[in-house]
Amino acid sequence: MSLSDKQIAEATLPSRSDQDGIMRQMDLRVWQEQLLRGVLLAAAIVGLLAAVAGTYDAYVYQQLWIIPLYWAAYSLVVVLFLWKRAPYALRAGAIVSLVYILGFTQLLEDGVGGSAQLFLLTVPFLAGIFWGRRVSIPALILVTMTMAGFGLIFSAGALVIPENPTTAEPARWIAGTVVLLLMGVL
């Protein structure tokens, strides 16, 4: 029994529903690429303000150890924005990792009274947008365990915030406002 050319073509070509699924996946990846490019651009613009405000705040409160981190994070964002051929996973992973690292360091710097929760909440959100639920759920577990771990460490007295800033400090308001703007554009 011989197969006709039509039967062979039908057997080797994906069905219409398979083609639609493939097109949806391609459309999603194009959208994710465009979104990531926009996030990197926004982070490059607003990140400069955040790095300056964070530097000023760290200088005022003599937490100088964090200043190089702010500028390294900003430099990485600029490099990733300018490096147009960088792989998607590298660019997206760097953004999500930077947000996590900044949240982690905010916990070290300010404890629960700072902007750490804002950074950490952004991590599973970005992971979900860039990779989907299969990455977002572990990211949510990671940030939850990070908060819980710091809670235990602070509660046990093993880590103490050097100074509890008041709401009358302009440096904290400036830095907090710029961080809010940065997280908003992400």
# chains A, B, ... in the order shown; residues from 1 in each chain; ligands from 1
$ residues_around --residues "A:Ala171" --least-positions-apart "3" --cutoff "7 Å" --atoms "only C-alpha atoms" --output "PyMOL selection string"
chain A and resi 57+174-175
$ atom_distance --atom1 "atom CA of A:Tyr100" --atom2 "atom CA of A:Tyr56"
21.5 Å
$ atom_distance --atom1 "atom CA of A:Leu121" --atom2 "atom CA of A:Arg134"
16.7 Å
$ residues_around --residues "A:Ala73" --least-positions-apart "3" --cutoff "9 Å" --atoms "only C-alpha atoms" --output "list in words"
Gly47, Ala51, Pro68, Leu69, Tyr70, Leu76, Val77, Val78, Leu98 and Leu102 of chain A
$ write_last_selection --atoms "N, CA, C and O atoms" --output "CSV table (one decimal), in the first residue's frame"
chain,number,residue,atom,x,y,z
A,47,GLY,N,17.7,53.8,37.5
A,47,GLY,CA,18.7,53.2,38.3
A,47,GLY,C,19.8,54.1,38.7
A,47,GLY,O,20.4,54.1,39.7
A,51,ALA,N,20.9,54.8,42.4
A,51,ALA,CA,22.3,54.6,42.8
A,51,ALA,C,22.8,55.9,43.5
A,51,ALA,O,23.5,55.8,44.6
A,68,PRO,N,29.5,50.3,46.9
A,68,PRO,CA,30.0,49.6,45.7
A,68,PRO,C,28.9,48.7,45.1
A,68,PRO,O,28.9,48.5,43.9
A,69,LEU,N,28.1,48.1,45.9
A,69,LEU,CA,27.0,47.2,45.4
A,69,LEU,C,26.1,48.0,44.5
A,69,LEU,O,25.6,47.5,43.5
A,70,TYR,N,25.6,49.2,45.0
A,70,TYR,CA,24.7,50.0,44.2
A,70,TYR,C,25.3,50.3,42.8
A,70,TYR,O,24.6,50.2,41.8
A,76,LEU,N,25.9,46.9,35.8
A,76,LEU,CA,25.5,45.6,35.2
A,76,LEU,C,24.2,45.9,34.4
A,76,LEU,O,24.1,45.4,33.2
A,77,VAL,N,23.3,46.7,34.9
A,77,VAL,CA,22.1,47.0,34.1
A,77,VAL,C,22.4,47.7,32.8
A,77,VAL,O,21.9,47.4,31.8
A,78,VAL,N,23.3,48.7,32.9
A,78,VAL,CA,23.7,49.4,31.7
A,78,VAL,C,24.4,48.5,30.7
A,78,VAL,O,24.1,48.6,29.5
A,98,LEU,N,19.6,40.6,40.5
A,98,LEU,CA,20.0,41.9,41.1
A,98,LEU,C,18.9,42.4,42.1
A,98,LEU,O,19.2,42.9,43.1
A,102,LEU,N,19.6,43.1,45.9
A,102,LEU,CA,19.3,44.4,46.6
A,102,LEU,C,18.4,44.2,47.7
A,102,LEU,O,18.5,44.9,48.8
$ residues_around --residues "A:Val46" --least-positions-apart "2" --cutoff "9 Å" --atoms "only C-alpha atoms" --output "VMD selection string"
chain A and resid 41 to 44 48 to 51 178 to 179 181 to 182 185
$ write_last_selection --atoms "N, CA, C and O atoms" --output "compact mmCIF listing (two decimals), in the first residue's frame"
# COMPACT_ATOMS: atom_id res chain seq x y z
N LEU A 41 15.88 49.31 29.98
CA LEU A 41 15.97 50.74 29.68
C LEU A 41 15.50 51.57 30.88
O LEU A 41 16.19 52.51 31.29
N ALA A 42 14.35 51.22 31.44
CA ALA A 42 13.83 51.94 32.60
C ALA A 42 14.78 51.84 33.78
O ALA A 42 15.04 52.83 34.48
N ALA A 43 15.34 50.64 34.00
CA ALA A 43 16.27 50.45 35.10
C ALA A 43 17.56 51.24 34.87
O ALA A 43 18.17 51.74 35.82
N ALA A 44 17.98 51.37 33.62
CA ALA A 44 19.18 52.14 33.32
C ALA A 44 18.95 53.63 33.59
O ALA A 44 19.85 54.32 34.08
N LEU A 48 20.11 55.07 37.77
CA LEU A 48 21.11 56.10 38.07
C LEU A 48 20.66 56.93 39.26
O LEU A 48 21.43 57.18 40.19
N LEU A 49 19.39 57.34 39.25
CA LEU A 49 18.85 58.10 40.40
C LEU A 49 18.90 57.26 41.67
O LEU A 49 19.24 57.76 42.74
N ALA A 50 18.55 55.98 41.54
CA ALA A 50 18.55 55.10 42.71
C ALA A 50 19.97 54.91 43.25
O ALA A 50 20.17 54.91 44.47
N ALA A 51 20.94 54.77 42.36
CA ALA A 51 22.33 54.60 42.81
C ALA A 51 22.83 55.87 43.52
O ALA A 51 23.49 55.79 44.56
N VAL A 178 12.91 57.14 45.54
CA VAL A 178 13.56 56.70 44.30
C VAL A 178 13.48 55.18 44.16
O VAL A 178 13.26 54.66 43.06
N VAL A 179 13.62 54.45 45.26
CA VAL A 179 13.47 52.99 45.21
C VAL A 179 12.06 52.62 44.78
O VAL A 179 11.86 51.71 43.96
N LEU A 181 10.09 54.38 42.91
CA LEU A 181 10.02 54.69 41.49
C LEU A 181 10.70 53.57 40.68
O LEU A 181 10.15 53.11 39.67
N LEU A 182 11.87 53.13 41.11
CA LEU A 182 12.58 52.08 40.40
C LEU A 182 11.76 50.80 40.36
O LEU A 182 11.63 50.18 39.30
N VAL A 185 8.87 51.10 37.86
CA VAL A 185 9.16 50.99 36.44
C VAL A 185 9.56 49.57 36.04
O VAL A 185 9.50 49.23 34.87
$ residues_around --residues "stretch 33-37 of chain A" --least-positions-apart "2" --cutoff "10 Å" --atoms "only C-alpha atoms" --output "ChimeraX atom specification"
/A:27-31,39-43,80-82,84,88,91-92,95,126,129-130,186
$ write_last_selection --atoms "N, CA and C atoms" --output "PDB file, in the first residue's frame"
ATOM      1  N   ASP A  27       4.842  34.353  19.998  1.00  0.00           N
ATOM      2  CA  ASP A  27       4.333  35.676  20.353  1.00  0.00           C
ATOM      3  C   ASP A  27       4.670  36.021  21.799  1.00  0.00           C
ATOM      4  N   LEU A  28       4.545  35.045  22.698  1.00  0.00           N
ATOM      5  CA  LEU A  28       4.870  35.259  24.103  1.00  0.00           C
ATOM      6  C   LEU A  28       6.345  35.604  24.262  1.00  0.00           C
ATOM      7  N   ARG A  29       7.218  34.885  23.577  1.00  0.00           N
ATOM      8  CA  ARG A  29       8.656  35.143  23.695  1.00  0.00           C
ATOM      9  C   ARG A  29       9.000  36.531  23.140  1.00  0.00           C
ATOM     10  N   VAL A  30       8.364  36.931  22.049  1.00  0.00           N
ATOM     11  CA  VAL A  30       8.603  38.269  21.501  1.00  0.00           C
ATOM     12  C   VAL A  30       8.160  39.317  22.519  1.00  0.00           C
ATOM     13  N   TRP A  31       6.997  39.104  23.141  1.00  0.00           N
ATOM     14  CA  TRP A  31       6.499  40.033  24.160  1.00  0.00           C
ATOM     15  C   TRP A  31       7.462  40.096  25.341  1.00  0.00           C
ATOM     16  N   VAL A  39      12.326  46.998  30.499  1.00  0.00           N
ATOM     17  CA  VAL A  39      12.728  46.964  31.909  1.00  0.00           C
ATOM     18  C   VAL A  39      14.181  47.399  32.047  1.00  0.00           C
ATOM     19  N   LEU A  40      15.039  46.904  31.164  1.00  0.00           N
ATOM     20  CA  LEU A  40      16.450  47.292  31.219  1.00  0.00           C
ATOM     21  C   LEU A  40      16.634  48.786  30.932  1.00  0.00           C
ATOM     22  N   LEU A  41      15.881  49.310  29.979  1.00  0.00           N
ATOM     23  CA  LEU A  41      15.966  50.745  29.677  1.00  0.00           C
ATOM     24  C   LEU A  41      15.504  51.572  30.878  1.00  0.00           C
ATOM     25  N   ALA A  42      14.354  51.216  31.439  1.00  0.00           N
ATOM     26  CA  ALA A  42      13.829  51.941  32.596  1.00  0.00           C
ATOM     27  C   ALA A  42      14.783  51.837  33.779  1.00  0.00           C
ATOM     28  N   ALA A  43      15.336  50.640  33.998  1.00  0.00           N
ATOM     29  CA  ALA A  43      16.270  50.452  35.103  1.00  0.00           C
ATOM     30  C   ALA A  43      17.560  51.236  34.866  1.00  0.00           C
ATOM     31  N   LEU A  80      24.013  45.290  30.340  1.00  0.00           N
ATOM     32  CA  LEU A  80      23.004  44.399  29.757  1.00  0.00           C
ATOM     33  C   LEU A  80      22.089  45.133  28.787  1.00  0.00           C
ATOM     34  N   PHE A  81      21.811  46.391  29.074  1.00  0.00           N
ATOM     35  CA  PHE A  81      20.994  47.172  28.147  1.00  0.00           C
ATOM     36  C   PHE A  81      21.749  47.419  26.839  1.00  0.00           C
ATOM     37  N   LEU A  82      23.028  47.743  26.939  1.00  0.00           N
ATOM     38  CA  LEU A  82      23.817  48.049  25.745  1.00  0.00           C
ATOM     39  C   LEU A  82      24.229  46.803  24.961  1.00  0.00           C
ATOM     40  N   LYS A  84      23.216  44.169  23.178  1.00  0.00           N
ATOM     41  CA  LYS A  84      21.977  43.772  22.500  1.00  0.00           C
ATOM     42  C   LYS A  84      21.911  42.270  22.206  1.00  0.00           C
ATOM     43  N   TYR A  88      18.791  35.935  26.288  1.00  0.00           N
ATOM     44  CA  TYR A  88      17.606  36.300  27.067  1.00  0.00           C
ATOM     45  C   TYR A  88      17.746  35.823  28.512  1.00  0.00           C
ATOM     46  N   ARG A  91      20.121  38.028  30.534  1.00  0.00           N
ATOM     47  CA  ARG A  91      19.572  39.349  30.859  1.00  0.00           C
ATOM     48  C   ARG A  91      18.462  39.249  31.895  1.00  0.00           C
ATOM     49  N   ALA A  92      17.526  38.344  31.686  1.00  0.00           N
ATOM     50  CA  ALA A  92      16.411  38.192  32.626  1.00  0.00           C
ATOM     51  C   ALA A  92      16.919  37.690  33.980  1.00  0.00           C
ATOM     52  N   ILE A  95      18.618  40.521  35.928  1.00  0.00           N
ATOM     53  CA  ILE A  95      17.670  41.477  36.522  1.00  0.00           C
ATOM     54  C   ILE A  95      17.018  40.882  37.767  1.00  0.00           C
ATOM     55  N   LEU A 126       8.705  39.160  38.708  1.00  0.00           N
ATOM     56  CA  LEU A 126       9.536  39.210  37.498  1.00  0.00           C
ATOM     57  C   LEU A 126       9.834  37.804  36.973  1.00  0.00           C
ATOM     58  N   ILE A 129       6.863  36.615  35.044  1.00  0.00           N
ATOM     59  CA  ILE A 129       6.713  37.274  33.744  1.00  0.00           C
ATOM     60  C   ILE A 129       7.761  36.765  32.752  1.00  0.00           C
ATOM     61  N   PHE A 130       9.005  36.627  33.203  1.00  0.00           N
ATOM     62  CA  PHE A 130      10.073  36.250  32.289  1.00  0.00           C
ATOM     63  C   PHE A 130      10.119  34.755  31.974  1.00  0.00           C
ATOM     64  N   LEU A 186       9.955  48.761  37.013  1.00  0.00           N
ATOM     65  CA  LEU A 186      10.249  47.360  36.688  1.00  0.00           C
ATOM     66  C   LEU A 186       8.945  46.639  36.444  1.00  0.00           C
TER      67      LEU A 186
END
